[in-house]
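Trainee: Dropping the structure in here first, questions after.
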Amino acid sequence: MAKLSGSTIELSNNNQVNLGHSSEGDSEEWEDMDWEERSPDTALWQHMIAGSIAGMVEHAVIFPLDTIKTHLQATNMETTKGSARIGSVQTAQEIVRLRGPLFLWRGVTVTLRAVVPAHAMMFAAYEGVILYGGAHSTQHIDASSSRVAAVGFAAGFISTIFHDLIMVPAETIKQRMQLGYYRDASHATKRMVATGGASLFRSLPTTLIMSVPYSSVMMMSNESLRRFLNPTGAFSLPTFLTAGALSGALAAALTTPLDVVKTRLQTQGMTRAKTSTGELHGAPQKFKVRYHGFSDAFLAVYRTEGTRGFFRGIGPRILQTGPSCALSWCAYESAKHFLQAR
């Protein structure tokens with residue numbers, strides 16, 4: 001049951017929707033039923049806990065695809081000196097053959113530690129914008145499709161800023177560990193801080209340039225698809241899965257060129273660490289800053305690989321992001337409803 005302009009929407013046994021005026025007698029039933037829908041009365045801490053759970057589920061399950069994407073995007077014509085280009089499957093097979101299957105999860109603990117505060121802030125900001133923007137699925141059930149899309153876009157824009165301020169340093173450490181460098185996160189952090197710490201935030205402007213349109217497109221599409229698939233806003237795992245997967249895949253495909261540039265800035269031309277050079281689980285040898293900002297990395301990709309270079313890793317990125325968004329929204333909404341029911 002959901003309140004709407006002094007009336008209530010009540011689902012009867014035959015699944016028809018009946019409109020009637022709310023009364024005091026209905027209030028107790030409303031309290032019992034409000035967990036079944038996306039309630040605007042959810043406390044801030046509930047959004048933050050649900051968001052943290054969603055972030056951990058999303059990243060842990062899909063992490064191997066992220067590792068493959070990082071290896072593909074970090075590799076380029078300039079650093080491999082004309083070696084044959086390999087695809088996603090060959091990259092995965094080579095990683096497993098040389099390092100074992102668990103290497104696909106190297107760096108996952110860095111991500112899991114960072115996603116708790118990052119996703120807590122992101123989802124709290126997202127829910128606030130949706131509610132105050134007048135596009136909440138149950139509080140503003142009559143909101144126009146254009147308003148839902150616009151508010152969803154704004155929610156993605158604002159929530160991304162909170163998210164990326166925390167995640168960018170963690171992403172830099174994670175990607176270098178995915179390539180095989182450093183013993184652990186503490187070793188990586190100390191080495192980067194010892195050289196000034198600029199590496200930790202060098203990709204922040206580019207990450208925001210990528211993440212803001214990605215999150216805006218993803219949340220705009222997600223809100224619009226949810227409203228289309230489930231106009232009542234009732235709790236529906238199939239809706240969360242479908243809307244999350246489609247919106248995530250679309251946003252990932254559109255922003256892959258920016259993701260390639262971001263990876264180059266974070267890895268600075270580093271390729272897979274080798275045992276022969278002593279770099280595996282160690283600091284990179286003869287490290288130098290190749291790209292100082294977006295334009296440097298962008299031009300380097302274009303000069304060495306042309307337009308095609310901006311779409312390296314698009315397959316793993318879509319396969320990673322579509323399911324991860326679906327898992328994230330399902331975990332978030334399920335955790336939120338569980339907390340509401342307690």
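Chain labels follow the order of the structure tokens: the first chain is A, the next B, and so on; residue numbering restarts at 1 in every chain, and ligands are counted from 1 in their shown order.
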Just the residues within 12 Å of His71 of chain A, please, counting only C-alpha atoms, with nothing from its chain fewer than 6 positions along; format it as a PyMOL selection string.
Mentor: chain A and resi 64-65+85-92+94-95+104+175-180+260+263-264+267+269-273+312-313+316-317
Trainee: Quick one: write out the picked residues with C-alpha atoms as an mmCIF file, in the first residue's frame?
Mentor:
```
data_model
loop_
_atom_site.group_PDB
_atom_site.id
_atom_site.type_symbol
_atom_site.label_atom_id
_atom_site.label_comp_id
_atom_site.auth_asym_id
_atom_site.auth_seq_id
_atom_site.Cartn_x
_atom_site.Cartn_y
_atom_site.Cartn_z
ATOM 1 C CA PRO A 64 37.725 -11.328 -12.516
ATOM 2 C CA LEU A 65 36.226 -9.531 -15.530
ATOM 3 C CA ARG A 85 47.278 -8.272 -29.970
ATOM 4 C CA ILE A 86 45.305 -10.782 -27.895
ATOM 5 C CA GLY A 87 41.659 -10.745 -26.907
ATOM 6 C CA SER A 88 39.716 -11.242 -23.693
ATOM 7 C CA VAL A 89 39.667 -15.055 -23.702
ATOM 8 C CA GLN A 90 43.372 -15.352 -24.480
ATOM 9 C CA THR A 91 44.178 -12.787 -21.790
ATOM 10 C CA ALA A 92 42.192 -14.722 -19.183
ATOM 11 C CA GLU A 94 47.304 -16.493 -20.017
ATOM 12 C CA ILE A 95 46.693 -15.015 -16.562
ATOM 13 C CA LEU A 104 42.027 -12.890 -11.162
ATOM 14 C CA GLN A 175 44.767 -1.798 -10.973
ATOM 15 C CA ARG A 176 48.495 -1.887 -10.301
ATOM 16 C CA MET A 177 48.018 -4.928 -8.090
ATOM 17 C CA GLN A 178 45.925 -6.559 -10.828
ATOM 18 C CA LEU A 179 48.957 -6.260 -13.108
ATOM 19 C CA GLY A 180 51.038 -8.072 -10.472
ATOM 20 C CA VAL A 260 40.545 3.408 -21.507
ATOM 21 C CA THR A 263 43.189 3.129 -17.037
ATOM 22 C CA ARG A 264 46.207 4.515 -18.890
ATOM 23 C CA THR A 267 48.700 2.390 -14.759
ATOM 24 C CA GLY A 269 52.154 2.426 -19.250
ATOM 25 C CA MET A 270 52.745 -0.433 -16.810
ATOM 26 C CA THR A 271 52.067 -3.852 -18.309
ATOM 27 C CA ARG A 272 51.919 -7.255 -16.612
ATOM 28 C CA ALA A 273 54.597 -7.645 -13.928
ATOM 29 C CA ARG A 312 39.926 -1.964 -25.949
ATOM 30 C CA GLY A 313 38.241 -4.051 -23.290
ATOM 31 C CA PRO A 316 34.686 -7.468 -20.666
ATOM 32 C CA ARG A 317 33.517 -4.015 -19.574
#
```
Trainee: Set the distance at 8 Å and use only C-alpha atoms: which residues neighbour Arg226 of chain A once local chain neighbours fewer than 4 positions away are removed? I'd like the list as a list of chain:residue names.
Mentor: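 Everything that qualifies: A:Asn222, A:Asn230, A:Pro231, A:Gly233, A:Thr239, A:Phe240, A:Ala243.
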Trainee: Can those selected residues be exported to a file as a PDB file, in the first residue's frame so that it contains all heavy atoms?
Mentor:
```pdb
ATOM      1  N   ASN A 222      18.047   3.512 -15.661  1.00  0.00           N
ATOM      2  CA  ASN A 222      17.519   2.609 -14.645  1.00  0.00           C
ATOM      3  C   ASN A 222      16.173   3.101 -14.112  1.00  0.00           C
ATOM      4  O   ASN A 222      15.219   2.321 -13.994  1.00  0.00           O
ATOM      5  CB  ASN A 222      18.520   2.486 -13.499  1.00  0.00           C
ATOM      6  CG  ASN A 222      18.069   1.493 -12.442  1.00  0.00           C
ATOM      7  OD1 ASN A 222      17.943   0.308 -12.694  1.00  0.00           O
ATOM      8  ND2 ASN A 222      17.818   1.996 -11.240  1.00  0.00           N
ATOM      9  N   ASN A 230       7.610  -1.429 -14.118  1.00  0.00           N
ATOM     10  CA  ASN A 230       6.892  -1.626 -12.860  1.00  0.00           C
ATOM     11  C   ASN A 230       6.334  -0.284 -12.378  1.00  0.00           C
ATOM     12  O   ASN A 230       6.888   0.341 -11.467  1.00  0.00           O
ATOM     13  CB  ASN A 230       7.847  -2.226 -11.815  1.00  0.00           C
ATOM     14  CG  ASN A 230       7.154  -2.575 -10.527  1.00  0.00           C
ATOM     15  OD1 ASN A 230       5.942  -2.749 -10.480  1.00  0.00           O
ATOM     16  ND2 ASN A 230       7.936  -2.661  -9.454  1.00  0.00           N
ATOM     17  N   PRO A 231       5.248   0.204 -13.001  1.00  0.00           N
ATOM     18  CA  PRO A 231       4.731   1.546 -12.705  1.00  0.00           C
ATOM     19  C   PRO A 231       4.359   1.769 -11.246  1.00  0.00           C
ATOM     20  O   PRO A 231       4.400   2.906 -10.769  1.00  0.00           O
ATOM     21  CB  PRO A 231       3.488   1.650 -13.604  1.00  0.00           C
ATOM     22  CG  PRO A 231       3.718   0.660 -14.701  1.00  0.00           C
ATOM     23  CD  PRO A 231       4.468  -0.465 -14.054  1.00  0.00           C
ATOM     24  N   GLY A 233       5.947   0.745  -8.604  1.00  0.00           N
ATOM     25  CA  GLY A 233       7.111   0.870  -7.738  1.00  0.00           C
ATOM     26  C   GLY A 233       7.209  -0.218  -6.702  1.00  0.00           C
ATOM     27  O   GLY A 233       8.023  -0.122  -5.773  1.00  0.00           O
ATOM     28  N   THR A 239      12.401  -6.832 -11.980  1.00  0.00           N
ATOM     29  CA  THR A 239      12.533  -5.451 -12.464  1.00  0.00           C
ATOM     30  C   THR A 239      13.921  -4.909 -12.168  1.00  0.00           C
ATOM     31  O   THR A 239      14.564  -4.301 -13.040  1.00  0.00           O
ATOM     32  CB  THR A 239      11.478  -4.545 -11.803  1.00  0.00           C
ATOM     33  OG1 THR A 239      10.175  -4.993 -12.189  1.00  0.00           O
ATOM     34  CG2 THR A 239      11.657  -3.097 -12.241  1.00  0.00           C
ATOM     35  N   PHE A 240      14.419  -5.112 -10.953  1.00  0.00           N
ATOM     36  CA  PHE A 240      15.741  -4.612 -10.588  1.00  0.00           C
ATOM     37  C   PHE A 240      16.825  -5.258 -11.449  1.00  0.00           C
ATOM     38  O   PHE A 240      17.764  -4.585 -11.892  1.00  0.00           O
ATOM     39  CB  PHE A 240      16.028  -4.888  -9.110  1.00  0.00           C
ATOM     40  CG  PHE A 240      15.009  -4.311  -8.162  1.00  0.00           C
ATOM     41  CD1 PHE A 240      14.673  -4.981  -6.999  1.00  0.00           C
ATOM     42  CD2 PHE A 240      14.369  -3.107  -8.440  1.00  0.00           C
ATOM     43  CE1 PHE A 240      13.728  -4.466  -6.124  1.00  0.00           C
ATOM     44  CE2 PHE A 240      13.432  -2.586  -7.578  1.00  0.00           C
ATOM     45  CZ  PHE A 240      13.107  -3.258  -6.413  1.00  0.00           C
ATOM     46  N   ALA A 243      16.295  -3.923 -15.345  1.00  0.00           N
ATOM     47  CA  ALA A 243      16.635  -2.502 -15.479  1.00  0.00           C
ATOM     48  C   ALA A 243      18.105  -2.266 -15.174  1.00  0.00           C
ATOM     49  O   ALA A 243      18.788  -1.494 -15.870  1.00  0.00           O
ATOM     50  CB  ALA A 243      15.763  -1.665 -14.547  1.00  0.00           C
TER      51      ALA A 243
END
```
Trainee: From the options A:Ser324, A:Ile318, A:Ala154, A:His119, which residue's atoms come nearest to Ile166 of chain A, counting only C-alpha atoms?
Mentor: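 Under the stated criterion, the closest residue is A:His119.
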Trainee: If you measure from atom CA of Val168 of chain A to atom CA of Arg106 of chain A, what distance in Å do you get, rounded to one decimal?
Mentor: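 Distance reported for this atom pair: 17.3 Å.
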Trainee: With only C-alpha atoms as the basis for distance, which of A:Ala341, A:Leu327, A:Ile53, A:Ala43 is at the shortest distance from Val116 of chain A?
Mentor: A:Ile53
Trainee: As JSON, numbers by chain, please: all residues of segment 27-236 of chain A that backbone DSSP puts in helix (DSSP H, G or I).
Mentor: {"A": [27, 28, 29, 30, 31, 32, 33, 34, 35, 36, 44, 45, 46, 47, 48, 49, 50, 51, 52, 53, 54, 55, 56, 57, 58, 59, 60, 61, 62, 63, 64, 65, 66, 67, 68, 69, 70, 71, 72, 73, 74, 77, 78, 79, 80, 88, 89, 90, 91, 92, 93, 94, 95, 96, 97, 98, 99, 101, 102, 103, 104, 105, 108, 109, 110, 111, 112, 113, 114, 115, 116, 117, 118, 119, 120, 121, 122, 123, 124, 125, 126, 127, 128, 129, 130, 131, 132, 145, 146, 147, 148, 149, 150, 151, 152, 153, 154, 155, 156, 157, 158, 159, 160, 161, 162, 163, 164, 165, 166, 167, 168, 169, 170, 171, 172, 173, 174, 175, 176, 177, 178, 185, 186, 187, 188, 189, 190, 191, 192, 193, 194, 198, 199, 200, 201, 204, 205, 206, 207, 208, 209, 210, 211, 212, 213, 214, 215, 216, 217, 218, 219, 220, 221, 222, 223, 224, 225, 226, 227, 228, 229]}
Trainee: Include C-alpha atoms and write out the residues we just selected as a compact mmCIF listing (two decimals), in the first residue's frame.
Mentor:
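Output file result.txt follows:
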```
# COMPACT_ATOMS: atom_id res chain seq x y z
CA SER A 27 -2.60 3.34 9.22
CA GLU A 28 -1.78 0.11 11.03
CA GLU A 29 -2.03 -1.86 7.80
CA TRP A 30 0.19 0.74 6.09
CA GLU A 31 2.85 0.25 8.76
CA ASP A 32 2.75 -3.50 8.16
CA MET A 33 2.96 -3.21 4.38
CA ASP A 34 5.40 -0.37 3.77
CA TRP A 35 8.44 -2.70 3.53
CA GLU A 36 7.07 -4.16 0.30
CA LEU A 44 19.59 7.59 5.93
CA TRP A 45 21.59 4.92 7.75
CA GLN A 46 19.49 2.21 6.08
CA HIS A 47 20.35 3.59 2.63
CA MET A 48 24.02 3.70 3.60
CA ILE A 49 24.14 0.13 4.94
CA ALA A 50 22.19 -1.19 1.96
CA GLY A 51 24.50 0.68 -0.41
CA SER A 52 27.60 -0.78 1.26
CA ILE A 53 26.24 -4.32 0.95
CA ALA A 54 25.36 -3.70 -2.70
CA GLY A 55 28.86 -2.44 -3.44
CA MET A 56 30.59 -5.44 -1.89
CA VAL A 57 28.36 -7.94 -3.71
CA GLU A 58 28.75 -6.14 -7.03
CA HIS A 59 32.55 -5.90 -6.99
CA ALA A 60 33.38 -9.29 -5.46
CA VAL A 61 31.35 -11.35 -7.94
CA ILE A 62 32.41 -9.55 -11.12
CA PHE A 63 36.03 -8.80 -10.14
CA PRO A 64 37.72 -11.33 -12.52
CA LEU A 65 36.23 -9.53 -15.53
CA ASP A 66 37.59 -6.26 -14.19
CA THR A 67 41.07 -7.81 -13.97
CA ILE A 68 40.87 -8.96 -17.60
CA LYS A 69 39.70 -5.50 -18.68
CA THR A 70 42.59 -3.86 -16.83
CA HIS A 71 45.15 -6.10 -18.55
CA LEU A 72 43.63 -5.39 -21.97
CA GLN A 73 43.45 -1.63 -21.48
CA ALA A 74 46.88 -1.26 -19.87
CA MET A 77 51.19 -0.95 -29.06
CA GLU A 78 53.85 1.33 -27.58
CA THR A 79 54.68 -0.80 -24.52
CA THR A 80 54.37 -4.22 -26.19
CA SER A 88 39.72 -11.24 -23.69
CA VAL A 89 39.67 -15.06 -23.70
CA GLN A 90 43.37 -15.35 -24.48
CA THR A 91 44.18 -12.79 -21.79
CA ALA A 92 42.19 -14.72 -19.18
CA GLN A 93 43.83 -18.01 -20.21
CA GLU A 94 47.30 -16.49 -20.02
CA ILE A 95 46.69 -15.02 -16.56
CA VAL A 96 45.43 -18.34 -15.22
CA ARG A 97 48.27 -20.30 -16.87
CA LEU A 98 51.02 -18.02 -15.55
CA ARG A 99 49.64 -16.98 -12.16
CA PRO A 101 43.00 -18.64 -11.09
CA LEU A 102 43.18 -16.74 -7.78
CA PHE A 103 45.26 -14.04 -9.50
CA LEU A 104 42.03 -12.89 -11.16
CA TRP A 105 40.95 -11.65 -7.71
CA VAL A 108 39.84 -7.34 -4.51
CA THR A 109 40.38 -6.56 -0.81
CA VAL A 110 41.39 -3.00 -1.71
CA THR A 111 38.11 -2.56 -3.53
CA LEU A 112 35.99 -4.14 -0.81
CA ARG A 113 37.43 -1.83 1.84
CA ALA A 114 36.78 1.25 -0.27
CA VAL A 115 33.29 0.40 -1.54
CA VAL A 116 31.78 0.41 1.95
CA PRO A 117 32.12 4.18 2.50
CA ALA A 118 31.97 5.01 -1.23
CA HIS A 119 28.70 3.19 -1.93
CA ALA A 120 27.20 4.29 1.36
CA MET A 121 27.69 7.92 0.34
CA MET A 122 26.66 7.29 -3.27
CA PHE A 123 23.34 5.59 -2.53
CA ALA A 124 22.46 8.04 0.23
CA ALA A 125 23.00 10.94 -2.20
CA TYR A 126 21.09 9.10 -4.95
CA GLU A 127 18.02 8.50 -2.80
CA GLY A 128 18.03 12.09 -1.57
CA VAL A 129 18.07 13.53 -5.08
CA ILE A 130 15.36 11.13 -6.30
CA LEU A 131 13.09 12.03 -3.39
CA TYR A 132 13.60 15.79 -3.38
CA SER A 145 8.77 10.27 -17.84
CA SER A 146 10.86 13.33 -18.69
CA ARG A 147 11.02 14.35 -15.02
CA VAL A 148 12.01 10.82 -13.97
CA ALA A 149 14.79 10.78 -16.58
CA ALA A 150 16.05 14.29 -15.68
CA VAL A 151 16.08 13.62 -11.93
CA GLY A 152 17.74 10.25 -12.50
CA PHE A 153 20.44 11.99 -14.53
CA ALA A 154 20.99 14.54 -11.75
CA ALA A 155 21.10 11.77 -9.13
CA GLY A 156 23.85 10.03 -11.08
CA PHE A 157 25.81 13.27 -11.43
CA ILE A 158 25.74 14.19 -7.74
CA SER A 159 26.18 10.70 -6.26
CA THR A 160 29.21 10.01 -8.48
CA ILE A 161 31.19 12.88 -6.96
CA PHE A 162 30.80 11.40 -3.46
CA HIS A 163 31.72 7.94 -4.78
CA ASP A 164 34.81 8.81 -6.81
CA LEU A 165 36.53 10.94 -4.19
CA ILE A 166 36.89 7.73 -2.17
CA MET A 167 37.28 5.17 -4.96
CA VAL A 168 39.91 6.79 -7.22
CA PRO A 169 42.91 6.16 -4.92
CA ALA A 170 41.69 2.62 -4.27
CA GLU A 171 41.19 2.01 -8.01
CA THR A 172 44.76 3.11 -8.75
CA ILE A 173 46.20 0.71 -6.15
CA LYS A 174 43.86 -2.07 -7.29
CA GLN A 175 44.77 -1.80 -10.97
CA ARG A 176 48.50 -1.89 -10.30
CA MET A 177 48.02 -4.93 -8.09
CA GLN A 178 45.92 -6.56 -10.83
CA ALA A 185 47.83 -2.68 -0.65
CA SER A 186 49.93 -1.30 2.21
CA HIS A 187 53.14 -1.78 0.21
CA ALA A 188 51.60 -0.05 -2.83
CA THR A 189 50.30 2.88 -0.79
CA LYS A 190 53.63 3.46 0.97
CA ARG A 191 55.58 3.40 -2.30
CA MET A 192 53.23 5.85 -4.01
CA VAL A 193 53.06 8.18 -1.02
CA ALA A 194 56.87 8.12 -0.79
CA ALA A 198 50.22 12.35 -6.86
CA SER A 199 49.67 8.97 -8.55
CA LEU A 200 46.78 8.24 -6.22
CA PHE A 201 44.70 11.14 -7.55
CA LEU A 204 40.54 11.92 -10.62
CA PRO A 205 39.60 14.59 -13.22
CA THR A 206 39.44 11.97 -15.99
CA THR A 207 37.55 9.55 -13.73
CA LEU A 208 34.95 12.23 -13.02
CA ILE A 209 34.75 13.06 -16.73
CA MET A 210 33.98 9.36 -17.32
CA SER A 211 31.98 8.47 -14.22
CA VAL A 212 29.62 11.45 -14.25
CA PRO A 213 28.19 10.63 -17.71
CA TYR A 214 28.34 6.90 -16.95
CA SER A 215 26.41 7.19 -13.69
CA SER A 216 24.04 9.78 -15.09
CA VAL A 217 23.17 7.64 -18.12
CA MET A 218 22.97 4.49 -15.98
CA MET A 219 20.70 5.99 -13.30
CA MET A 220 18.56 7.86 -15.84
CA SER A 221 18.05 4.63 -17.81
CA ASN A 222 17.52 2.61 -14.64
CA GLU A 223 14.84 4.94 -13.28
CA SER A 224 13.06 5.13 -16.64
CA LEU A 225 13.15 1.36 -17.17
CA ARG A 226 11.91 0.72 -13.64
CA ARG A 227 8.99 3.09 -14.14
CA PHE A 228 8.19 1.44 -17.50
CA LEU A 229 8.47 -2.16 -16.26
```
Trainee: For atom CA of Lys262 of chain A and atom CA of Thr75 of chain A, quote the distance in Å rounded to one decimal.
Mentor: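 Computed distance, atom CA of Lys262 of chain A to atom CA of Thr75 of chain A, equals 13.2 Å.
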Trainee: Between atom CA of Thr242 of chain A and atom CA of Ala335 of chain A, what is the distance, to one decimal in Å?
Mentor: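 Calculated distance between atom CA of Thr242 of chain A and atom CA of Ala335 of chain A is 18.1 Å.
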Trainee: Leaving out Ser334 of chain A and any residue of its chain fewer than 5 positions from it, which residues lie within 9 Å of it when counting only C-alpha atoms, given as a VMD selection string?
Mentor: chain A and resid 50 235 237 329 339
